[in-house]
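Below is the file data_4.cif, which contains mmCIF, C-alpha atoms (C1' of nucleotides).
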```cif
data_work
loop_
_atom_site.label_atom_id
_atom_site.label_comp_id
_atom_site.auth_asym_id
_atom_site.auth_seq_id
_atom_site.Cartn_x
_atom_site.Cartn_y
_atom_site.Cartn_z
CA MET A 1 11.98 -14.16 14.03
CA ASP A 2 14.52 -11.68 12.79
CA ARG A 3 14.96 -8.35 14.42
CA LYS A 4 12.75 -5.56 13.16
CA PRO A 5 14.38 -3.86 10.17
CA THR A 6 15.34 -0.21 10.43
CA HIS A 7 12.71 2.26 9.38
CA PRO A 8 13.80 4.25 6.31
CA GLY A 9 12.75 7.43 8.08
CA ALA A 10 15.29 6.81 10.82
CA VAL A 11 17.99 6.34 8.21
CA PHE A 12 16.96 9.49 6.43
CA LEU A 13 17.10 11.42 9.66
CA GLU A 14 20.43 10.06 10.86
CA ASP A 15 22.33 9.74 7.61
CA ILE A 16 20.98 12.68 5.66
CA MET A 17 19.28 15.35 7.70
CA LYS A 18 21.55 15.37 10.74
CA PRO A 19 24.83 15.48 8.79
CA LEU A 20 23.46 18.35 6.74
CA ASN A 21 22.01 20.13 9.78
CA LEU A 22 18.61 20.25 8.16
CA THR A 23 15.49 20.85 10.24
CA VAL A 24 12.28 19.01 9.50
CA THR A 25 10.77 22.26 8.33
CA GLU A 26 13.62 22.95 5.93
CA ALA A 27 13.86 19.43 4.55
CA ALA A 28 10.09 19.22 4.10
CA HIS A 29 10.15 22.39 2.07
CA MET A 30 12.98 21.13 -0.12
CA LEU A 31 11.25 17.81 -0.69
CA GLY A 32 8.03 19.58 -1.56
CA VAL A 33 5.95 17.92 1.13
CA SER A 34 4.25 19.19 4.26
CA ARG A 35 6.15 19.45 7.50
CA LYS A 36 3.75 17.00 9.01
CA ALA A 37 4.29 14.39 6.32
CA LEU A 38 8.04 14.46 6.78
CA SER A 39 7.80 14.63 10.54
CA GLU A 40 5.67 11.51 10.66
CA PHE A 41 8.02 9.77 8.31
CA VAL A 42 11.24 10.46 10.20
CA ASN A 43 9.51 9.65 13.48
CA GLU A 44 8.40 6.30 12.07
CA LYS A 45 4.72 7.11 12.30
CA ALA A 46 4.27 6.72 8.58
CA SER A 47 5.88 4.38 6.11
CA LEU A 48 7.77 5.40 3.02
CA SER A 49 5.40 6.04 0.14
CA PRO A 50 6.65 5.55 -3.42
CA GLU A 51 6.26 9.25 -4.07
CA MET A 52 8.24 10.19 -0.98
CA ALA A 53 10.91 7.73 -2.04
CA LEU A 54 11.10 9.44 -5.40
CA ARG A 55 11.42 12.85 -3.76
CA ILE A 56 14.15 11.70 -1.42
CA SER A 57 15.92 10.01 -4.29
CA LYS A 58 15.90 13.19 -6.37
CA ALA A 59 16.88 15.47 -3.53
CA THR A 60 19.73 13.33 -2.26
CA ASN A 61 20.84 11.79 -5.53
CA THR A 62 20.45 8.26 -4.24
CA SER A 63 18.68 5.29 -5.76
CA VAL A 64 14.94 4.97 -5.29
CA GLU A 65 15.32 1.23 -4.97
CA SER A 66 17.54 1.44 -1.92
CA TRP A 67 14.87 3.38 -0.06
CA MET A 68 12.03 1.26 -1.34
CA ASN A 69 13.86 -1.90 -0.33
CA MET A 70 14.23 -0.62 3.22
CA GLN A 71 10.50 -0.09 3.40
CA GLN A 72 9.79 -3.43 1.79
CA LYS A 73 11.79 -5.28 4.41
CA LEU A 74 9.88 -3.47 7.13
CA THR A 75 6.55 -4.12 5.46
CA LEU A 76 7.40 -7.77 5.10
CA TRP A 77 8.45 -7.94 8.72
CA TYR A 78 5.07 -6.59 9.77
CA ALA A 79 3.34 -9.05 7.46
CA TYR A 80 5.15 -11.92 9.10
CA GLN A 81 3.72 -10.81 12.44
CA HIS A 82 0.24 -11.74 11.22
CA GLU A 83 1.24 -14.72 9.16
CA PRO A 84 -1.71 -16.29 7.38
CA THR A 85 -2.26 -19.87 8.44
CA ASN A 86 -5.15 -21.01 6.31
CA VAL A 87 -3.04 -21.57 3.23
CA ILE A 88 -3.28 -24.86 1.38
CA PRO A 89 -0.12 -25.76 -0.58
CA PHE A 90 -0.45 -26.04 -4.35
CA PRO A 91 0.30 -29.41 -5.97
CA LEU A 92 3.35 -28.13 -7.80
CA ASP A 93 5.13 -31.40 -8.24
CA ALA A 94 4.70 -31.21 -11.99
CA VAL A 95 5.94 -27.66 -12.24
CA LYS A 96 9.58 -26.87 -12.66
CA LYS A 97 10.64 -24.38 -10.02
CA ARG A 98 12.50 -21.39 -11.39
CA MET A 99 12.89 -19.34 -8.21
CA MET B 100 10.95 5.52 -19.37
CA ASP B 101 11.23 1.76 -19.52
CA ARG B 102 8.43 -0.44 -20.58
CA LYS B 103 5.78 -1.17 -17.97
CA PRO B 104 6.90 -4.07 -15.79
CA THR B 105 4.84 -7.24 -15.74
CA HIS B 106 2.10 -7.36 -13.15
CA PRO B 107 2.75 -10.10 -10.58
CA GLY B 108 -0.83 -11.26 -11.00
CA ALA B 109 -0.18 -12.05 -14.64
CA VAL B 110 2.86 -14.07 -13.68
CA PHE B 111 0.92 -15.93 -11.04
CA LEU B 112 -1.78 -16.75 -13.54
CA GLU B 113 0.50 -17.85 -16.34
CA ASP B 114 3.27 -19.58 -14.43
CA ILE B 115 1.37 -21.07 -11.53
CA MET B 116 -2.37 -21.38 -12.03
CA LYS B 117 -2.44 -22.36 -15.68
CA PRO B 118 0.25 -25.06 -15.44
CA LEU B 119 -1.60 -26.52 -12.47
CA ASN B 120 -5.01 -26.17 -14.12
CA LEU B 121 -6.31 -24.23 -11.14
CA THR B 122 -9.42 -22.12 -11.43
CA VAL B 123 -9.71 -18.77 -9.68
CA THR B 124 -12.21 -20.27 -7.30
CA GLU B 125 -9.96 -23.18 -6.41
CA ALA B 126 -6.81 -21.10 -6.04
CA ALA B 127 -8.62 -18.47 -3.97
CA HIS B 128 -9.82 -21.13 -1.59
CA MET B 129 -6.36 -22.62 -1.24
CA LEU B 130 -4.82 -19.22 -0.63
CA GLY B 131 -7.47 -18.39 1.93
CA VAL B 132 -8.75 -15.26 0.20
CA SER B 133 -12.00 -14.38 -1.50
CA ARG B 134 -12.58 -15.21 -5.12
CA LYS B 135 -12.91 -11.55 -5.83
CA ALA B 136 -9.58 -10.65 -4.27
CA LEU B 137 -7.73 -13.19 -6.36
CA SER B 138 -9.71 -12.39 -9.49
CA GLU B 139 -8.83 -8.71 -9.23
CA PHE B 140 -5.22 -9.59 -8.61
CA VAL B 141 -4.73 -11.92 -11.55
CA ASN B 142 -6.64 -9.52 -13.77
CA GLU B 143 -4.34 -6.70 -12.74
CA LYS B 144 -7.06 -4.65 -11.12
CA ALA B 145 -5.37 -4.78 -7.75
CA SER B 146 -1.74 -4.78 -6.83
CA LEU B 147 0.01 -7.40 -4.78
CA SER B 148 -0.49 -6.79 -1.08
CA PRO B 149 2.15 -8.01 1.36
CA GLU B 150 -0.30 -10.44 2.83
CA MET B 151 -1.22 -11.85 -0.54
CA ALA B 152 2.47 -12.18 -1.32
CA LEU B 153 2.93 -14.17 1.86
CA ARG B 154 0.05 -16.46 0.99
CA ILE B 155 1.34 -17.08 -2.51
CA SER B 156 4.78 -17.67 -1.12
CA LYS B 157 3.56 -20.28 1.32
CA ALA B 158 1.26 -22.00 -1.15
CA THR B 159 3.78 -22.22 -3.95
CA ASN B 160 6.94 -22.55 -1.91
CA THR B 161 8.55 -19.55 -3.58
CA SER B 162 10.26 -16.55 -2.03
CA VAL B 163 8.12 -13.65 -0.84
CA GLU B 164 10.76 -11.25 -2.02
CA SER B 165 10.53 -12.34 -5.64
CA TRP B 166 6.84 -11.50 -5.68
CA MET B 167 7.24 -8.30 -3.71
CA ASN B 168 9.99 -7.15 -6.04
CA MET B 169 7.75 -7.60 -9.04
CA GLN B 170 5.15 -5.40 -7.41
CA GLN B 171 7.76 -2.86 -6.36
CA LYS B 172 8.99 -2.44 -9.90
CA LEU B 173 5.44 -1.87 -11.05
CA THR B 174 4.73 0.56 -8.23
CA LEU B 175 7.88 2.47 -9.03
CA TRP B 176 6.96 2.58 -12.68
CA TYR B 177 3.64 4.16 -11.80
CA ALA B 178 5.36 6.62 -9.49
CA TYR B 179 7.63 7.73 -12.30
CA GLN B 180 4.56 8.60 -14.35
CA HIS B 181 3.76 11.40 -11.92
CA GLU B 182 7.28 12.41 -11.12
CA PRO B 183 7.45 15.18 -8.53
CA THR B 184 9.11 18.30 -9.89
CA ASN B 185 9.18 20.65 -6.94
CA VAL B 186 12.14 18.98 -5.32
CA ILE B 187 15.10 21.09 -4.23
CA PRO B 188 18.41 19.17 -4.13
CA PHE B 189 20.10 18.84 -0.75
CA PRO B 190 23.57 20.37 -0.31
CA LEU B 191 25.25 17.01 0.16
CA ASP B 192 28.74 17.99 -0.86
CA ALA B 193 30.00 17.33 2.65
CA VAL B 194 28.39 13.93 2.92
CA LYS B 195 30.11 10.80 1.73
CA LYS B 196 27.84 8.87 -0.57
CA ARG B 197 27.48 5.26 0.39
CA MET B 198 24.93 4.20 -2.18
"C1'" DT C 199 11.70 37.10 26.98
"C1'" DG C 200 10.48 36.31 22.26
"C1'" DG C 201 11.09 33.69 17.82
"C1'" DG C 202 11.86 29.41 15.39
"C1'" DT C 203 11.31 24.39 15.70
"C1'" DT C 204 9.01 20.35 16.82
"C1'" DG C 205 5.81 16.60 17.88
"C1'" DA C 206 1.14 15.51 19.04
"C1'" DC C 207 -3.56 15.98 17.98
"C1'" DC C 208 -7.97 16.95 15.33
"C1'" DC C 209 -10.36 17.20 11.00
"C1'" DG C 210 -10.97 16.17 6.31
"C1'" DT C 211 -9.77 13.95 1.63
"C1'" DG C 212 -8.38 10.49 -1.58
"C1'" DT C 213 -6.89 5.93 -2.50
"C1'" DA C 214 -6.95 1.14 -2.05
"C1'" DA C 215 -7.42 -3.82 -0.48
"C1'" DC C 216 -10.80 -6.89 1.09
"C1'" DG C 217 -15.20 -9.24 2.18
"C1'" DT C 218 -20.02 -10.21 1.17
"C1'" DT C 219 -23.63 -10.41 -1.94
"C1'" DA C 220 -25.65 -10.59 -6.34
"C1'" DC C 221 -26.05 -10.41 -11.22
"C1'" DG C 222 -25.42 -12.02 -16.18
"C1'" DG C 223 -22.90 -14.71 -19.48
"C1'" DG C 224 -20.44 -18.76 -20.75
"C1'" DT C 225 -19.41 -23.76 -20.63
"C1'" DT C 226 -20.29 -28.60 -19.58
"C1'" DA C 227 -22.70 -32.54 -18.13
"C1'" DT C 228 -26.95 -34.90 -17.30
"C1'" DA D 229 -33.21 -28.01 -21.95
"C1'" DT D 230 -32.02 -27.78 -17.26
"C1'" DA D 231 -28.72 -27.85 -13.59
"C1'" DA D 232 -24.14 -27.08 -12.00
"C1'" DC D 233 -19.96 -24.58 -12.35
"C1'" DC D 234 -16.87 -20.84 -13.34
"C1'" DC D 235 -15.98 -16.23 -14.43
"C1'" DG D 236 -15.82 -11.03 -14.39
"C1'" DT D 237 -17.84 -7.24 -12.37
"C1'" DA D 238 -20.58 -4.00 -9.76
"C1'" DA D 239 -22.44 -2.10 -5.39
"C1'" DC D 240 -21.86 -1.38 -0.59
"C1'" DG D 241 -19.37 -1.12 3.65
"C1'" DT D 242 -15.13 -1.53 6.45
"C1'" DT D 243 -10.49 -0.58 7.51
"C1'" DA D 244 -6.10 1.38 6.85
"C1'" DC D 245 -3.11 5.04 5.67
"C1'" DA D 246 -0.54 8.99 3.33
"C1'" DC D 247 -1.18 13.78 3.16
"C1'" DG D 248 -2.48 18.67 3.99
"C1'" DG D 249 -4.17 22.46 7.03
"C1'" DG D 250 -4.50 24.19 11.44
"C1'" DT D 251 -3.53 24.52 16.40
"C1'" DC D 252 -0.98 24.25 20.57
"C1'" DA D 253 2.12 23.26 24.32
"C1'" DA D 254 6.96 22.34 25.12
"C1'" DC D 255 11.52 23.56 24.16
"C1'" DC D 256 15.85 25.56 22.85
"C1'" DC D 257 18.50 29.50 22.02
"C1'" DA D 258 19.93 34.22 21.16
#
```

Re-express the file's structure as structure tokens.
Amino acid sequence: MDRKPTHPGAVFLEDIMKPLNLTVTEAAHMLGVSRKALSEFVNEKASLSPEMALRISKATNTSVESWMNMQQKLTLWYAYQHEPTNVIPFPLDAVKKRM
Amino acid sequence: MDRKPTHPGAVFLEDIMKPLNLTVTEAAHMLGVSRKALSEFVNEKASLSPEMALRISKATNTSVESWMNMQQKLTLWYAYQHEPTNVIPFPLDAVKKRM
DNA sequence: TGGGTTGACCCGTGTAACGTTACGGGTTAT
DNA sequence: ATAACCCGTAACGTTACACGGGTCAACCCA
């Protein structure tokens, strides 16, 4: 129902690479990944892997969580597109809800 | 460096299934997944997939995010075990840090 | 015009979630 | 004891995907 969350790769491209005038080739080398891997990421063909998040975090001195959370929102958005319907609610009347 | 975060499957088993006296077979059926899938999850052999998180969320009326975050912490913990070393810092002196 | 960059594509590899099926061990009820 | 469950697990196959290597056409720019 919500709008599709921004892909972390787009953020990385706009907010990091462009301001620093870094090419995909350069940035890929600095991150220690292949040009292809980074290219697919910034072009939203691939999602953010935990390892890539760690690399970006180290290279840009930002928090891993912030990047992971971006991906998580996207992942969750995709999941909601194929929402499972055959789920039977648990009888949790007796259980105190903590969340 | 922190201690290994709790696996969401363990939480699901202890805080949901046990209090409700649900067997793996019963819970799997209610969630709409195979017995094996749930068994591997609660026994920490498989991680929490987004779809599984959605199912658990719907069945137990809890937030998807809370479950996803548990998994994310675990995933990140694993990632830190194989921390990438060949990462060259970006020259971000000119960029204002927003995070 | 020639060099660097880029995105798309193919191929191959490793990982992982999931389903189905089947087995053996354990518990409980008949 | 025999049947009925429940459980963990293993094998097999499917599907998805991150990643690397290589190639190639398009493109921009000096």

Just so the selection is clear, what residues does the PyMOL selection byres ((chain D) within 8 of (chain A)) cover here, as an MDAnalysis selection string?
chainID D and resid 246:248

At a cut-off of 6 Å, list the chain B residues touching chain A, using only C-alpha atoms, as a list in words.
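Close to chain A, chain B has Met129, Leu130, Gly131, Ala158, Thr159, Asn185, Val186, Ile187, Pro188 and Phe189 of chain B.
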
Please, which residues of chain A lie no more than 8 Å from chain C when the count uses all atoms listed in the file, and can they be set out as a ChimeraX atom specification?
/A:23,25,39

Least-squares superposed chain B, target chain A, every Cα, as a PDB file with C-alpha atoms, keeping the file's coordinate frame:
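Written output follows (out-v5.pdb):
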```pdb
ATOM      1  CA  MET B 100      11.764 -14.050  13.383  1.00  0.00           C
ATOM      2  CA  ASP B 101      14.569 -11.635  12.650  1.00  0.00           C
ATOM      3  CA  ARG B 102      14.950  -8.380  14.401  1.00  0.00           C
ATOM      4  CA  LYS B 103      12.759  -5.541  13.176  1.00  0.00           C
ATOM      5  CA  PRO B 104      14.408  -3.848  10.204  1.00  0.00           C
ATOM      6  CA  THR B 105      15.379  -0.203  10.465  1.00  0.00           C
ATOM      7  CA  HIS B 106      12.727   2.267   9.417  1.00  0.00           C
ATOM      8  CA  PRO B 107      13.821   4.247   6.347  1.00  0.00           C
ATOM      9  CA  GLY B 108      12.755   7.432   8.096  1.00  0.00           C
ATOM     10  CA  ALA B 109      15.306   6.827  10.820  1.00  0.00           C
ATOM     11  CA  VAL B 110      18.000   6.347   8.220  1.00  0.00           C
ATOM     12  CA  PHE B 111      16.976   9.499   6.428  1.00  0.00           C
ATOM     13  CA  LEU B 112      17.117  11.435   9.659  1.00  0.00           C
ATOM     14  CA  GLU B 113      20.436  10.095  10.858  1.00  0.00           C
ATOM     15  CA  ASP B 114      22.348   9.783   7.608  1.00  0.00           C
ATOM     16  CA  ILE B 115      20.977  12.699   5.644  1.00  0.00           C
ATOM     17  CA  MET B 116      19.273  15.382   7.701  1.00  0.00           C
ATOM     18  CA  LYS B 117      21.547  15.402  10.720  1.00  0.00           C
ATOM     19  CA  PRO B 118      24.830  15.498   8.772  1.00  0.00           C
ATOM     20  CA  LEU B 119      23.435  18.372   6.729  1.00  0.00           C
ATOM     21  CA  ASN B 120      21.985  20.141   9.770  1.00  0.00           C
ATOM     22  CA  LEU B 121      18.571  20.256   8.138  1.00  0.00           C
ATOM     23  CA  THR B 122      15.474  20.851  10.204  1.00  0.00           C
ATOM     24  CA  VAL B 123      12.225  19.044   9.467  1.00  0.00           C
ATOM     25  CA  THR B 124      10.751  22.276   8.223  1.00  0.00           C
ATOM     26  CA  GLU B 125      13.633  22.948   5.865  1.00  0.00           C
ATOM     27  CA  ALA B 126      13.845  19.403   4.533  1.00  0.00           C
ATOM     28  CA  ALA B 127      10.074  19.205   4.060  1.00  0.00           C
ATOM     29  CA  HIS B 128      10.140  22.359   2.004  1.00  0.00           C
ATOM     30  CA  MET B 129      12.985  21.101  -0.150  1.00  0.00           C
ATOM     31  CA  LEU B 130      11.262  17.781  -0.707  1.00  0.00           C
ATOM     32  CA  GLY B 131       8.024  19.517  -1.582  1.00  0.00           C
ATOM     33  CA  VAL B 132       5.924  17.860   1.115  1.00  0.00           C
ATOM     34  CA  SER B 133       4.225  19.138   4.230  1.00  0.00           C
ATOM     35  CA  ARG B 134       6.090  19.408   7.483  1.00  0.00           C
ATOM     36  CA  LYS B 135       3.712  16.929   8.968  1.00  0.00           C
ATOM     37  CA  ALA B 136       4.300  14.321   6.287  1.00  0.00           C
ATOM     38  CA  LEU B 137       8.040  14.424   6.778  1.00  0.00           C
ATOM     39  CA  SER B 138       7.766  14.607  10.553  1.00  0.00           C
ATOM     40  CA  GLU B 139       5.631  11.474  10.652  1.00  0.00           C
ATOM     41  CA  PHE B 140       8.022   9.738   8.316  1.00  0.00           C
ATOM     42  CA  VAL B 141      11.222  10.460  10.200  1.00  0.00           C
ATOM     43  CA  ASN B 142       9.482   9.651  13.464  1.00  0.00           C
ATOM     44  CA  GLU B 143       8.403   6.299  12.085  1.00  0.00           C
ATOM     45  CA  LYS B 144       4.712   7.044  12.300  1.00  0.00           C
ATOM     46  CA  ALA B 145       4.252   6.637   8.578  1.00  0.00           C
ATOM     47  CA  SER B 146       5.917   4.329   6.143  1.00  0.00           C
ATOM     48  CA  LEU B 147       7.792   5.368   3.056  1.00  0.00           C
ATOM     49  CA  SER B 148       5.423   6.008   0.177  1.00  0.00           C
ATOM     50  CA  PRO B 149       6.673   5.532  -3.376  1.00  0.00           C
ATOM     51  CA  GLU B 150       6.275   9.204  -4.032  1.00  0.00           C
ATOM     52  CA  MET B 151       8.231  10.163  -0.958  1.00  0.00           C
ATOM     53  CA  ALA B 152      10.920   7.712  -2.003  1.00  0.00           C
ATOM     54  CA  LEU B 153      11.117   9.415  -5.371  1.00  0.00           C
ATOM     55  CA  ARG B 154      11.429  12.824  -3.767  1.00  0.00           C
ATOM     56  CA  ILE B 155      14.167  11.689  -1.419  1.00  0.00           C
ATOM     57  CA  SER B 156      15.916  10.017  -4.293  1.00  0.00           C
ATOM     58  CA  LYS B 157      15.909  13.162  -6.383  1.00  0.00           C
ATOM     59  CA  ALA B 158      16.882  15.460  -3.534  1.00  0.00           C
ATOM     60  CA  THR B 159      19.735  13.338  -2.270  1.00  0.00           C
ATOM     61  CA  ASN B 160      20.853  11.804  -5.534  1.00  0.00           C
ATOM     62  CA  THR B 161      20.470   8.269  -4.214  1.00  0.00           C
ATOM     63  CA  SER B 162      18.695   5.297  -5.746  1.00  0.00           C
ATOM     64  CA  VAL B 163      14.947   4.963  -5.251  1.00  0.00           C
ATOM     65  CA  GLU B 164      15.344   1.240  -4.939  1.00  0.00           C
ATOM     66  CA  SER B 165      17.588   1.452  -1.896  1.00  0.00           C
ATOM     67  CA  TRP B 166      14.918   3.385  -0.036  1.00  0.00           C
ATOM     68  CA  MET B 167      12.067   1.253  -1.305  1.00  0.00           C
ATOM     69  CA  ASN B 168      13.902  -1.895  -0.286  1.00  0.00           C
ATOM     70  CA  MET B 169      14.277  -0.632   3.247  1.00  0.00           C
ATOM     71  CA  GLN B 170      10.547  -0.073   3.428  1.00  0.00           C
ATOM     72  CA  GLN B 171       9.828  -3.438   1.837  1.00  0.00           C
ATOM     73  CA  LYS B 172      11.837  -5.269   4.451  1.00  0.00           C
ATOM     74  CA  LEU B 173       9.931  -3.461   7.162  1.00  0.00           C
ATOM     75  CA  THR B 174       6.591  -4.125   5.501  1.00  0.00           C
ATOM     76  CA  LEU B 175       7.445  -7.781   5.156  1.00  0.00           C
ATOM     77  CA  TRP B 176       8.485  -7.942   8.771  1.00  0.00           C
ATOM     78  CA  TYR B 177       5.105  -6.602   9.808  1.00  0.00           C
ATOM     79  CA  ALA B 178       3.365  -9.053   7.504  1.00  0.00           C
ATOM     80  CA  TYR B 179       5.168 -11.938   9.149  1.00  0.00           C
ATOM     81  CA  GLN B 180       3.736 -10.846  12.487  1.00  0.00           C
ATOM     82  CA  HIS B 181       0.265 -11.785  11.279  1.00  0.00           C
ATOM     83  CA  GLU B 182       1.229 -14.749   9.197  1.00  0.00           C
ATOM     84  CA  PRO B 183      -1.738 -16.300   7.407  1.00  0.00           C
ATOM     85  CA  THR B 184      -2.314 -19.893   8.457  1.00  0.00           C
ATOM     86  CA  ASN B 185      -5.212 -21.010   6.316  1.00  0.00           C
ATOM     87  CA  VAL B 186      -3.101 -21.551   3.246  1.00  0.00           C
ATOM     88  CA  ILE B 187      -3.343 -24.846   1.379  1.00  0.00           C
ATOM     89  CA  PRO B 188      -0.177 -25.749  -0.574  1.00  0.00           C
ATOM     90  CA  PHE B 189      -0.504 -26.014  -4.344  1.00  0.00           C
ATOM     91  CA  PRO B 190       0.236 -29.379  -5.988  1.00  0.00           C
ATOM     92  CA  LEU B 191       3.290 -28.082  -7.812  1.00  0.00           C
ATOM     93  CA  ASP B 192       5.075 -31.362  -8.301  1.00  0.00           C
ATOM     94  CA  ALA B 193       4.670 -31.075 -12.055  1.00  0.00           C
ATOM     95  CA  VAL B 194       5.957 -27.534 -12.233  1.00  0.00           C
ATOM     96  CA  LYS B 195       9.622 -26.752 -12.584  1.00  0.00           C
ATOM     97  CA  LYS B 196      10.680 -24.293  -9.938  1.00  0.00           C
ATOM     98  CA  ARG B 197      12.517 -21.327 -11.321  1.00  0.00           C
ATOM     99  CA  MET B 198      12.939 -19.339  -8.142  1.00  0.00           C
TER     100      MET B 198
END
```

Pairwise distance for atom CA of Glu26 of chain A and atom CA of Leu13 of chain A, rounded to one decimal in Å:
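Rounded to one decimal, the two atoms are 12.6 Å apart.
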
So how far away is atom CA of Asn142 of chain B from atom C1' of DT243 of chain D, in Å?
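If I compute the distance from atom C1' of DT243 of chain D to atom CA of Asn142 of chain B, I get 23.4 Å.
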
Report the distance between atom CA of Glu44 of chain A and atom CA of Gln71 of chain A in Å, rounded to one decimal place.
11.0 Å
